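Engineer: Please find one structure pasted underneath; my questions will follow.
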Amino acid sequence: MTRKPPSIAFPDGQTVPALGQGTWSMGESSARAQVEIRSLQAGIDAGLTLIDTAEMYANGGAEEIVGRAIQGRRDRIFLVSKVLPGNASRHGVARACEASLRRLGVDRIDLYLLHWRGPHPLADTVAAFEELVSQGKIARWGVSNLDGEEMKELTALPGGERAQTDQVLYNLGRRGIEFDLLPWCRSRGMPVMAYSPIEQGRLLHDPTLKRVGERHGISAAAAALAWVLREPGVIAIPKTASREHLKQNLACLGVTLTDQDLAELDQAFPPPGRKRPLEMI
Ligand code: NDP
């Protein structure tokens with residue numbers, strides 16, 4: 001019996017599980033589709049009902065996989081998708097959203113994000129998001145890969161204060177946001193969505209992480225996730241298309257890292273001592 005993930009609230013009051021599921025690289029091969037769908041469904045059944053996708057992933061292919069995985073389960077799902085910067089103009093957002101809705105097979109996206117900042121003014125993207133909210137095509141919106149200064153700029157725009165999240169790279173090896181962005185978001189009651197929480201698998205051979213995991217009887221992947229979720233205000237969205245990996249990852253939910261664990265991890269992965277440019281993958 002695995003534990004359910006803790007829940008976390010967006011500024012508008014909507015709650016979601018703090019551990020969700022990523023989908024980057026899904027939908028690239030029809031031979032893998034069934035395995036990806038079954039893994040997502042097993043995650044949903046375990047309570048990982050927040051699913052993160054994007055029009056970019058496999059050129060819409062990941063959204064189609066998500067659409068198939070959530071058939072008959074839509075009511076339980078919190079669906080996150082993203083618009084590409086090149087599509088994020090006043091009218092381009094609506095077109096991109098329609099295409100995402102079609103691929104996902106739903107009539108509403110629960111959280112729609114600007115994938116990263118591009119050529120179109122943020123004010124135009126915000127206005128387009130707000131229009132989609134008023135039409136009921138998205139329930140709320142946010143951004144991704146914006147740094148602290150850009151978040152201040154965004155939230156000062158008309159309607160910009162309704163941004164619900166910033167989805168950013170955050171894991172043991174990428175701690176820069178702890179210096180400024182994370183405290184700023186926390187002060188506004190805005191969760192950060194941590195993408196690549198196990199650094200796309202590259203963290204898993206780290207000896208300190210392995211040792212900490214062994215101490216709790218969990219894998220290095222689960223230890224990395226327990227670390228990302230150690231404090232409130234963060235949603236982690238690891239991707240796996242393997243039910244064995246899913247099971248391992250779910251084990252993070254039963255674990256509270258000790259002061260000793262955290263000190264050893266700080267030694268191996270020092271927290272930022274000064275402001276750093278926002279990192280992206
Ligand atoms: P993750 O850190 O989630 O790592 C995913 C990789 O780790 C996959 O190769 C997966 O393979 C493997 N993996 C997962 N669990 C385990 C485990 N227990 N043991 C061994 N390997 C494991 O990286 P992602 O970049 O995928 O980030 C997560 C999600 O965040 C994305 O899928 C996407 O939804 C989002 N994202 C958003 C970005 C943005 O710009 N907004 C940028 C990047 C990601 P396997 O499937 O075989 O388990």
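We label chains A, B, ... in the order they appear in the structure tokens, count residues from 1 in each chain, and number ligands from 1 in the order shown.
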Let me have all residues with an atom within 6 Å of ligand 1, counting only C-alpha atoms and all ligand atoms, laid out as a list in words.
Structural biologist: Gly22, Thr23, Trp24, Asp52, Thr53, His115, Ser144, Gln167, Tyr195, Ser196, Pro197, Ile198, Glu199, Gln200, Gly201, Ala221, Ile237, Pro238, Lys239, Thr240, Ala241, Ser242, His245, Gln248, Asn249 and Ile281 of chain A
Engineer: Could you pull out all residues of stretch 78-223 of chain A with a DSSP call of strand (DSSP E) and give them as a list in words?
Structural biologist: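 Assigned to strand (DSSP E), within stretch 78-223 of chain A: Phe78, Leu79, Val80, Ser81, Lys82, Val83, Leu111, Tyr112, Leu113, Leu114, Trp141, Gly142, Val143, Ser144, Asp166, Gln167, Val168, Leu169, Val192, Met193, Ala194 and Tyr195 of chain A.
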Engineer: Quick one: residues within 8 Å of A:Val83, only C-alpha atoms, excluding same-chain residues fewer than 5 positions away - as a list in words?
Structural biologist: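 So, after excluding close chain neighbours, the residues are Ala54, Glu55, Met56, Ala88, Val93, Ala96, Cys97, Tyr112, Leu113, Leu114 and His115 of chain A.
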Engineer: Would you mind exporting the chosen residues as a PDB file, in the first residue's frame, restricted to all heavy atoms?
Structural biologist:
```pdb
ATOM      1  N   ALA A  54       3.002  18.924 -23.032  1.00  0.00           N
ATOM      2  CA  ALA A  54       3.242  20.150 -23.800  1.00  0.00           C
ATOM      3  C   ALA A  54       3.032  19.863 -25.274  1.00  0.00           C
ATOM      4  O   ALA A  54       3.268  18.737 -25.731  1.00  0.00           O
ATOM      5  CB  ALA A  54       4.682  20.632 -23.581  1.00  0.00           C
ATOM      6  N   GLU A  55       2.623  20.899 -26.002  1.00  0.00           N
ATOM      7  CA  GLU A  55       2.466  20.701 -27.450  1.00  0.00           C
ATOM      8  C   GLU A  55       3.799  20.336 -28.092  1.00  0.00           C
ATOM      9  O   GLU A  55       3.864  19.662 -29.107  1.00  0.00           O
ATOM     10  CB  GLU A  55       1.843  21.929 -28.123  1.00  0.00           C
ATOM     11  CG  GLU A  55       2.667  23.207 -28.057  1.00  0.00           C
ATOM     12  CD  GLU A  55       2.096  24.325 -28.941  1.00  0.00           C
ATOM     13  OE1 GLU A  55       1.324  24.039 -29.873  1.00  0.00           O
ATOM     14  OE2 GLU A  55       2.423  25.493 -28.691  1.00  0.00           O
ATOM     15  N   MET A  56       4.895  20.771 -27.470  1.00  0.00           N
ATOM     16  CA  MET A  56       6.227  20.501 -28.041  1.00  0.00           C
ATOM     17  C   MET A  56       6.599  19.013 -28.027  1.00  0.00           C
ATOM     18  O   MET A  56       7.265  18.536 -28.936  1.00  0.00           O
ATOM     19  CB  MET A  56       7.282  21.285 -27.255  1.00  0.00           C
ATOM     20  CG  MET A  56       8.668  21.153 -27.841  1.00  0.00           C
ATOM     21  SD  MET A  56       9.934  21.937 -26.813  1.00  0.00           S
ATOM     22  CE  MET A  56      10.509  20.550 -25.858  1.00  0.00           C
ATOM     23  N   ALA A  88       2.868  31.943 -28.866  1.00  0.00           N
ATOM     24  CA  ALA A  88       2.275  32.639 -27.715  1.00  0.00           C
ATOM     25  C   ALA A  88       1.888  34.089 -28.008  1.00  0.00           C
ATOM     26  O   ALA A  88       1.983  34.967 -27.151  1.00  0.00           O
ATOM     27  CB  ALA A  88       3.220  32.552 -26.526  1.00  0.00           C
ATOM     28  N   VAL A  93      -2.082  31.814 -29.307  1.00  0.00           N
ATOM     29  CA  VAL A  93      -2.350  31.004 -28.109  1.00  0.00           C
ATOM     30  C   VAL A  93      -3.664  30.240 -28.274  1.00  0.00           C
ATOM     31  O   VAL A  93      -3.751  29.049 -27.970  1.00  0.00           O
ATOM     32  CB  VAL A  93      -2.396  31.902 -26.843  1.00  0.00           C
ATOM     33  CG1 VAL A  93      -2.852  31.104 -25.630  1.00  0.00           C
ATOM     34  CG2 VAL A  93      -1.039  32.532 -26.564  1.00  0.00           C
ATOM     35  N   ALA A  96      -3.245  27.360 -30.714  1.00  0.00           N
ATOM     36  CA  ALA A  96      -2.450  26.271 -30.120  1.00  0.00           C
ATOM     37  C   ALA A  96      -3.267  25.517 -29.074  1.00  0.00           C
ATOM     38  O   ALA A  96      -3.212  24.284 -28.989  1.00  0.00           O
ATOM     39  CB  ALA A  96      -1.184  26.847 -29.485  1.00  0.00           C
ATOM     40  N   CYS A  97      -4.044  26.258 -28.303  1.00  0.00           N
ATOM     41  CA  CYS A  97      -4.854  25.625 -27.252  1.00  0.00           C
ATOM     42  C   CYS A  97      -5.893  24.691 -27.873  1.00  0.00           C
ATOM     43  O   CYS A  97      -6.080  23.564 -27.406  1.00  0.00           O
ATOM     44  CB  CYS A  97      -5.521  26.694 -26.387  1.00  0.00           C
ATOM     45  SG  CYS A  97      -6.473  26.017 -25.023  1.00  0.00           S
ATOM     46  N   TYR A 112      -2.505  25.937 -18.008  1.00  0.00           N
ATOM     47  CA  TYR A 112      -1.858  26.116 -19.320  1.00  0.00           C
ATOM     48  C   TYR A 112      -0.677  27.057 -19.120  1.00  0.00           C
ATOM     49  O   TYR A 112      -0.837  28.164 -18.570  1.00  0.00           O
ATOM     50  CB  TYR A 112      -2.889  26.731 -20.275  1.00  0.00           C
ATOM     51  CG  TYR A 112      -2.582  26.599 -21.755  1.00  0.00           C
ATOM     52  CD1 TYR A 112      -1.986  25.451 -22.275  1.00  0.00           C
ATOM     53  CD2 TYR A 112      -2.935  27.613 -22.645  1.00  0.00           C
ATOM     54  CE1 TYR A 112      -1.740  25.326 -23.637  1.00  0.00           C
ATOM     55  CE2 TYR A 112      -2.701  27.489 -24.016  1.00  0.00           C
ATOM     56  CZ  TYR A 112      -2.100  26.343 -24.493  1.00  0.00           C
ATOM     57  OH  TYR A 112      -1.861  26.215 -25.846  1.00  0.00           O
ATOM     58  N   LEU A 113       0.500  26.619 -19.565  1.00  0.00           N
ATOM     59  CA  LEU A 113       1.718  27.374 -19.289  1.00  0.00           C
ATOM     60  C   LEU A 113       2.374  27.895 -20.564  1.00  0.00           C
ATOM     61  O   LEU A 113       2.355  27.220 -21.601  1.00  0.00           O
ATOM     62  CB  LEU A 113       2.749  26.472 -18.586  1.00  0.00           C
ATOM     63  CG  LEU A 113       2.308  25.711 -17.334  1.00  0.00           C
ATOM     64  CD1 LEU A 113       3.476  24.860 -16.804  1.00  0.00           C
ATOM     65  CD2 LEU A 113       1.809  26.660 -16.263  1.00  0.00           C
ATOM     66  N   LEU A 114       3.012  29.053 -20.449  1.00  0.00           N
ATOM     67  CA  LEU A 114       3.937  29.511 -21.489  1.00  0.00           C
ATOM     68  C   LEU A 114       5.229  28.729 -21.282  1.00  0.00           C
ATOM     69  O   LEU A 114       5.831  28.789 -20.207  1.00  0.00           O
ATOM     70  CB  LEU A 114       4.192  31.018 -21.333  1.00  0.00           C
ATOM     71  CG  LEU A 114       5.299  31.592 -22.227  1.00  0.00           C
ATOM     72  CD1 LEU A 114       4.961  31.459 -23.712  1.00  0.00           C
ATOM     73  CD2 LEU A 114       5.573  33.058 -21.860  1.00  0.00           C
ATOM     74  N   HIS A 115       5.684  27.982 -22.307  1.00  0.00           N
ATOM     75  CA  HIS A 115       6.789  27.022 -22.111  1.00  0.00           C
ATOM     76  C   HIS A 115       8.110  27.730 -21.767  1.00  0.00           C
ATOM     77  O   HIS A 115       8.854  27.284 -20.923  1.00  0.00           O
ATOM     78  CB  HIS A 115       6.937  26.158 -23.369  1.00  0.00           C
ATOM     79  CG  HIS A 115       7.491  24.795 -23.106  1.00  0.00           C
ATOM     80  ND1 HIS A 115       7.140  23.687 -23.814  1.00  0.00           N
ATOM     81  CD2 HIS A 115       8.382  24.352 -22.197  1.00  0.00           C
ATOM     82  CE1 HIS A 115       7.781  22.626 -23.362  1.00  0.00           C
ATOM     83  NE2 HIS A 115       8.550  23.014 -22.376  1.00  0.00           N
TER      84      HIS A 115
END
```
Engineer: Could you check how far atom CA of A:Gly142 sits from atom CA of A:Arg108, in Å to one decimal?
Structural biologist: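 Between these atoms lies a distance of 15.1 Å.
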Engineer: Just the number, please: distance in Å from atom CA of A:Gly47 to atom CA of A:Phe129, one decimal.
Structural biologist: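 That distance, rounded to one decimal, is 28.3 Å.
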Engineer: Identify which of the residues A:Met26, A:Arg243, A:Asn171, A:Trp184 lies closest to A:Leu225, counting only C-alpha atoms when measuring atom-to-atom distances.
Structural biologist: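 The closest residue to A:Leu225 is A:Asn171.
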